[in-house]
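First the structure, in the form of structure tokens, and then the observations on it.
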Amino acid sequence: VPDVPADTPTATPGLVLYYSCEEATGAAGTTLPDISGNGNNGALVGAVSIGPGKVGNALVLTGTATSGGYVTMPPALLSTSPTMTIATWFKINSNPGFQRIFDIGTSSTTSSMYLTPNGNTGYLQFTFRRGSTGKEDIVDGTAKTVPTGVWEHMAVVLDASGGRLYLNGVQVGSNTACFVKGDILSS
């Protein structure tokens, strides 16, 4: 994701949303502005604050395994995106199994996708649950355990070639059978 100036007046072609995490706005500071120009603002929920990041500021999500802070995005945001790249900087303070870097979807839907730094193999893992089939497509990372206390950059690329995981610009996993076209999140 390119660095987009905070005063970007129009949408950047192909960019659906970009949360720079520089500040929270709105009533009680609970709105995370989308600076892509598309108006897809997020809502901060629970134990969330803004703190120092790798580049500028970052979201600081705290809490427990059952009750933590998170960001809600507009519903059906990805429903028209047959291909996508999700990229972010992240830093974890501990690395328990299946902790989430992101988790898109809700408990009321069978379609969801998430990225964990410590999946089935102990490495980065992306999972996409297809609502219409109940099938899970998994892209397992290899070769590098995600360290704690260090900023890392990750990207998940989903397209007609399948799914690919990148950690700090290096491809660490792929699955050509990971197929999302026509079965993207609708809620």
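Labels for the structure tokens follow display order: chains A, B, ..., residues from 1 in each chain, ligands from 1.
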Within 8 Å of range 48-54 of chain A, counting only C-alpha atoms, which residues show up once you throw out same-chain ones fewer than 4 positions away? Write them as an mmCIF file with C-alpha atoms, in the first residue's frame, please.
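To be explicit, this is the file written out as selection_2.cif:
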data_model
loop_
_atom_site.group_PDB
_atom_site.id
_atom_site.type_symbol
_atom_site.label_atom_id
_atom_site.label_comp_id
_atom_site.auth_asym_id
_atom_site.auth_seq_id
_atom_site.Cartn_x
_atom_site.Cartn_y
_atom_site.Cartn_z
ATOM 1 C CA CYS A 21 -3.837 5.314 11.956
ATOM 2 C CA GLU A 22 -2.438 8.776 12.585
ATOM 3 C CA GLU A 23 -5.445 9.826 14.626
ATOM 4 C CA ALA A 24 -8.933 8.853 15.666
ATOM 5 C CA LEU A 44 -12.761 1.756 16.909
ATOM 6 C CA ALA A 58 -0.297 2.851 14.722
ATOM 7 C CA LEU A 59 -3.294 1.265 16.377
ATOM 8 C CA VAL A 60 -2.534 -0.268 19.749
ATOM 9 C CA LEU A 61 -4.950 -3.138 20.354
ATOM 10 C CA THR A 62 -5.073 -4.474 23.885
ATOM 11 C CA GLY A 69 -9.983 -3.942 20.800
ATOM 12 C CA TYR A 70 -10.758 -3.990 17.105
ATOM 13 C CA TRP A 89 2.852 -3.147 9.473
ATOM 14 C CA TRP A 151 7.870 -4.308 13.448
#
>> Report as a list in words all protein, DNA and RNA residues lying within 9 Å of Met84 in chain A, evaluated on only C-alpha atoms, omitting residues in the same chain fewer than 2 positions from it.
In response: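 Final neighbour list, sorted by chain and number: Leu78, Ser81, Pro82, Ile86, Val156, Val157, Leu158 and Asp159 of chain A.
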> Could you pull out the strand (DSSP E) residues of range 34-158 of chain A from DSSP and send them as JSON, numbers by chain?
Replying inline: {"A": [42, 43, 44, 45, 48, 49, 50, 51, 52, 57, 58, 59, 60, 61, 70, 71, 72, 84, 85, 86, 87, 88, 89, 90, 102, 103, 104, 112, 113, 114, 115, 116, 125, 126, 127, 128, 129, 136, 137, 138, 139, 140, 152, 153, 154, 155, 156, 157, 158]}
>> So that I can see what lies close to Thr127 in chain A, please list as a ChimeraX atom specification the residues with an atom at most 9 Å from it, counting only C-alpha atoms and leaving out residues fewer than 3 positions away in the same chain.
In response: /A:112-116,136-140
> Do you have the CA of Asn175 in chain A-CA of Pro75 in chain A distance handy?
Replying inline: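 Answer for the CA of Asn175 in chain A to CA of Pro75 in chain A separation: 27.2 Å.
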>> I'd like to know which of A:Asn41, A:Thr85, A:Ser20, A:Thr121 is closest to Gly162 in chain A, using only C-alpha atoms.
In response: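 Result for the nearest residue to Gly162 in chain A: A:Thr85.
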> So, counting only C-alpha atoms, which residue among A:Ile104, A:Asn93, A:Tyr19, A:Ser79 is closest to Gly56 in chain A?
Replying inline: A:Tyr19
Ser94 in chain A environment, 12 Å, only C-alpha atoms, sequence neighbours closer than 3 positions dropped, as a PDB file with N, CA and C atoms, in the first residue's frame:
ATOM      1  N   THR A  62      -5.351  -3.762  22.644  1.00  0.00           N
ATOM      2  CA  THR A  62      -5.073  -4.474  23.885  1.00  0.00           C
ATOM      3  C   THR A  62      -6.314  -5.225  24.316  1.00  0.00           C
ATOM      4  N   THR A  64      -7.849  -9.152  26.081  1.00  0.00           N
ATOM      5  CA  THR A  64      -7.629 -10.568  26.339  1.00  0.00           C
ATOM      6  C   THR A  64      -8.027 -11.375  25.107  1.00  0.00           C
ATOM      7  N   ALA A  65      -7.857 -12.672  25.181  1.00  0.00           N
ATOM      8  CA  ALA A  65      -8.204 -13.540  24.056  1.00  0.00           C
ATOM      9  C   ALA A  65      -9.688 -13.491  23.727  1.00  0.00           C
ATOM     10  N   LYS A  91       3.264  -5.330  14.962  1.00  0.00           N
ATOM     11  CA  LYS A  91       4.229  -5.746  15.977  1.00  0.00           C
ATOM     12  C   LYS A  91       3.436  -6.471  17.048  1.00  0.00           C
ATOM     13  N   GLY A  97      -0.715 -19.283  19.752  1.00  0.00           N
ATOM     14  CA  GLY A  97      -1.312 -19.854  18.555  1.00  0.00           C
ATOM     15  C   GLY A  97      -2.598 -19.155  18.158  1.00  0.00           C
ATOM     16  N   PHE A  98      -2.713 -18.862  16.907  1.00  0.00           N
ATOM     17  CA  PHE A  98      -3.908 -18.307  16.270  1.00  0.00           C
ATOM     18  C   PHE A  98      -4.329 -16.921  16.752  1.00  0.00           C
ATOM     19  N   GLN A  99      -3.396 -16.171  17.346  1.00  0.00           N
ATOM     20  CA  GLN A  99      -3.621 -14.748  17.589  1.00  0.00           C
ATOM     21  C   GLN A  99      -3.841 -14.111  16.212  1.00  0.00           C
ATOM     22  N   ARG A 100      -4.663 -13.096  16.107  1.00  0.00           N
ATOM     23  CA  ARG A 100      -4.980 -12.501  14.809  1.00  0.00           C
ATOM     24  C   ARG A 100      -4.229 -11.197  14.564  1.00  0.00           C
ATOM     25  N   ILE A 101      -3.676 -11.067  13.361  1.00  0.00           N
ATOM     26  CA  ILE A 101      -3.178  -9.783  12.879  1.00  0.00           C
ATOM     27  C   ILE A 101      -4.361  -9.029  12.288  1.00  0.00           C
ATOM     28  N   PRO A 117       0.040 -14.869  13.084  1.00  0.00           N
ATOM     29  CA  PRO A 117       1.486 -15.045  13.015  1.00  0.00           C
ATOM     30  C   PRO A 117       1.927 -16.452  13.424  1.00  0.00           C
ATOM     31  N   ASN A 118       1.006 -17.239  14.005  1.00  0.00           N
ATOM     32  CA  ASN A 118       1.379 -18.548  14.536  1.00  0.00           C
ATOM     33  C   ASN A 118       0.242 -19.535  14.258  1.00  0.00           C
ATOM     34  N   VAL A 146       7.513 -15.513  13.374  1.00  0.00           N
ATOM     35  CA  VAL A 146       7.360 -14.073  13.555  1.00  0.00           C
ATOM     36  C   VAL A 146       7.841 -13.716  14.959  1.00  0.00           C
ATOM     37  N   PRO A 147       8.852 -12.842  15.055  1.00  0.00           N
ATOM     38  CA  PRO A 147       9.380 -12.482  16.376  1.00  0.00           C
ATOM     39  C   PRO A 147       8.465 -11.510  17.115  1.00  0.00           C
ATOM     40  N   THR A 148       8.605 -11.453  18.417  1.00  0.00           N
ATOM     41  CA  THR A 148       7.865 -10.481  19.216  1.00  0.00           C
ATOM     42  C   THR A 148       8.688  -9.205  19.357  1.00  0.00           C
ATOM     43  N   GLY A 149       7.984  -8.087  19.544  1.00  0.00           N
ATOM     44  CA  GLY A 149       8.646  -6.810  19.800  1.00  0.00           C
ATOM     45  C   GLY A 149       9.340  -6.191  18.608  1.00  0.00           C
ATOM     46  N   VAL A 150       9.069  -6.673  17.388  1.00  0.00           N
ATOM     47  CA  VAL A 150       9.739  -6.178  16.181  1.00  0.00           C
ATOM     48  C   VAL A 150       8.666  -5.824  15.147  1.00  0.00           C
TER      49      VAL A 150
END
> In Å, how far is it from CA of Val172 in chain A to CA of Val71 in chain A?
Replying inline: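 Spanning CA of Val172 in chain A to CA of Val71 in chain A is a straight-line distance of 26.7 Å.
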